[in-house]
Amino acid sequence: MKELLEGSMAVAEIVKLCKPGVISAYPITPQTHIVEELAQIVADGELNAQFVNVESEHSAASVVLGAVAAGVRAYTATSSQGLFYMAEVLYNIAGMRLPVIMTTAARAISAPINIWNDHQDVVSLRDSGWIQLHAEDIQEAVDLHLIAYKLGEDRSIMLPVMVCMDGFILTHGVETVNMPTQEEVDKFLPTYNPPYKLDVTNPMTLGPLVDPEYYMEARFALNETLKEALVLIPKINADFAKAFGRNYNGLIEGYQLKDAERVIVAMGSVCGTIKEVVDELRKKGKKVGLLKITSLRPFPAAHIYEALKNIPKVAVIDRALSLGSFAPLSAEIKAVFFGKLKQPKAISSFVVGLGGRDITKDSIKEIFRLMTGKEKQGEFIDLKPELLKESYE
Amino acid sequence: MFGPLICKPGASRNNKTGPWRTESRPKFLKKNCIACNMCLIVCPEACISGVGKNNYDFDPDYCKGCGNCAAICPKQDIEMVKEEGA
């Protein structure tokens, strides 16, 4: 049924339909509306779940770790500093192979403190072993949660999934959302039936100490499973398309790539803006396009290679930094092509929209314009040089 | 793919760690023992057992040869001896 919903309400609604048994979260802007609404849903008796109030994100992550270890479907959500406070537990959740599903309202990192959207929080957690899916709009955010539960809980995968949606832009934006019915969700998503769980009649230890004789194999298997997810994600997306009629590839999405000469690579809500600019420039006869990365982890290197190998000029948009090095997504896109026979003539790198600075259509047009020149390396767009000075005296 | 992930109960009993022992092991002389239980209490491997005087001994499957039992014994009734074959 089509409804006009705020992004956070839409996510709360789809989480309700996925029937988690335990929800635990600590409020942080811009994630708060999601868990506030879920607390209300549980209090109203619309969802038979335990909502565990906690004193911190570290505890929230620990609660859902324990819940999933005990064989219960669980949900949490956070953002920015909260995600970092969870970080220690998040690596454990992945290492213990527990399919926790979490929404991350992507937000900037302190200092200076800033509550607005960029990708520094989620991108910093890219090595945690979590599958990381990035939503472009509210509908996709909703659908990715359903896909995330089915993917993470697959017995061959058993990994946590982070659904990243841009803070405020998607969490507080209002869109028409096609919400599936409970029957449709139940048909698509089987009940959680894990191959291992904490059980007094069959005692076991999850996450034990392992010495150097065992550790590498545990990490090797984790890494291999993320690669195996590269095969499963498109399959689950195909099932999803059959059931709900909305077709995502799940790994990447090409937009007007066929004869494109200049292509921007990006993640998240900015892709909507880029698509509009692509349409405008196409009308003027400019051969431009977009490659959207939905799955940052696992990183679909082979798919990206196929999509971009014949594109003359590529620009990667980063909304995060790897301070003191190359912008993170751009470095990975360049790694895809290193030593390959076919590759773009130039792969430029641009940093935009940190800490919620608006990425306007003009910002995107400026990037397309700059791409006609020499290859750019980590160039900031919409920077205000008048705020910068060499010394503080 | 799954690597080492789960431990079933009893792992520390099943994994015999005696071969990690230093080159010495305790020898319970069983002459002047007063059954004070001190050796049993200080053993970090909890591998000493016994009831009554001159009846205590250690389990070589888990003993690491630390010598705490010999050091604490008020009757000097435990001595550390060179490991056989060492």
# chains A, B, ... in the order shown; residues from 1 in each chain; ligands from 1
>>> select_by_dssp(residues="chain B", states="strand (DSSP E or B)", output="ChimeraX atom specification")
/B:6-7,24-28,48-49,57-58,78-82
>>> interface_residues(of="chain B", to="chain A", cutoff="12 Å", atoms="only C-alpha atoms", output="PyMOL selection string")
chain B and resi 1-12
>>> write_last_selection(atoms="C-alpha atoms", output="tab-separated table (two decimals), in the first residue's frame")
chain	number	residue	atom	x	y	z
B	1	MET	CA	32.32	-20.55	4.88
B	2	PHE	CA	32.87	-21.08	8.56
B	3	GLY	CA	36.12	-21.29	10.50
B	4	PRO	CA	36.60	-22.14	14.16
B	5	LEU	CA	33.47	-20.61	15.71
B	6	ILE	CA	32.04	-22.62	18.56
B	7	CYS	CA	33.49	-24.43	21.59
B	8	LYS	CA	31.63	-27.32	23.14
B	9	PRO	CA	31.88	-27.65	26.95
B	10	GLY	CA	34.86	-29.49	28.42
B	11	ALA	CA	37.47	-28.01	26.10
B	12	SER	CA	39.98	-27.33	28.91
>>> residues_around(residues="A:Trp130", least_positions_apart="6", cutoff="7 Å", atoms="only C-alpha atoms", output="list in words")
Ala94, Leu159, Pro160, Val161 and Met162 of chain A
>>> select_by_dssp(residues="chain B", states="alpha helix (DSSP H)", output="list in words")
Ala11, Ser12, Arg13, Asn14, Met38, Cys39, Leu40, Ile41, Val42, Asn68, Cys69, Ala70, Ala71 and Ile72 of chain B
>>> residues_around(residues="stretch 98-108 of chain A", least_positions_apart="5", cutoff="8 Å", atoms="only C-alpha atoms", output="VMD selection string")
chain A and resid 30 to 31 64 to 65 68 to 69 73 to 80 83 93 114 to 122 145 148 to 149 152 to 153 158 to 168 171 354 to 356
>>> residues_around(residues="A:Thr176", least_positions_apart="3", cutoff="8 Å", atoms="only C-alpha atoms", output="PyMOL selection string")
chain A and resi 2-5+139
>>> residues_around(residues="B:Met38", least_positions_apart="2", cutoff="9 Å", atoms="only C-alpha atoms", output="short mmCIF file (atom, residue, chain, number, x, y, z; two decimals) with C-alpha atoms, in the first residue's frame")
data_model
loop_
_atom_site.label_atom_id
_atom_site.label_comp_id
_atom_site.auth_asym_id
_atom_site.auth_seq_id
_atom_site.Cartn_x
_atom_site.Cartn_y
_atom_site.Cartn_z
CA ALA B 35 46.67 -32.29 54.81
CA CYS B 36 46.66 -28.47 55.17
CA LEU B 40 45.68 -27.66 46.28
CA ILE B 41 44.61 -24.05 46.84
CA VAL B 42 47.61 -22.35 45.18
CA CYS B 43 47.76 -24.61 42.13
CA CYS B 69 52.92 -26.18 45.55
CA ILE B 72 53.96 -23.11 49.80
CA CYS B 73 54.26 -26.51 51.51
CA PRO B 74 54.88 -25.77 55.27
#
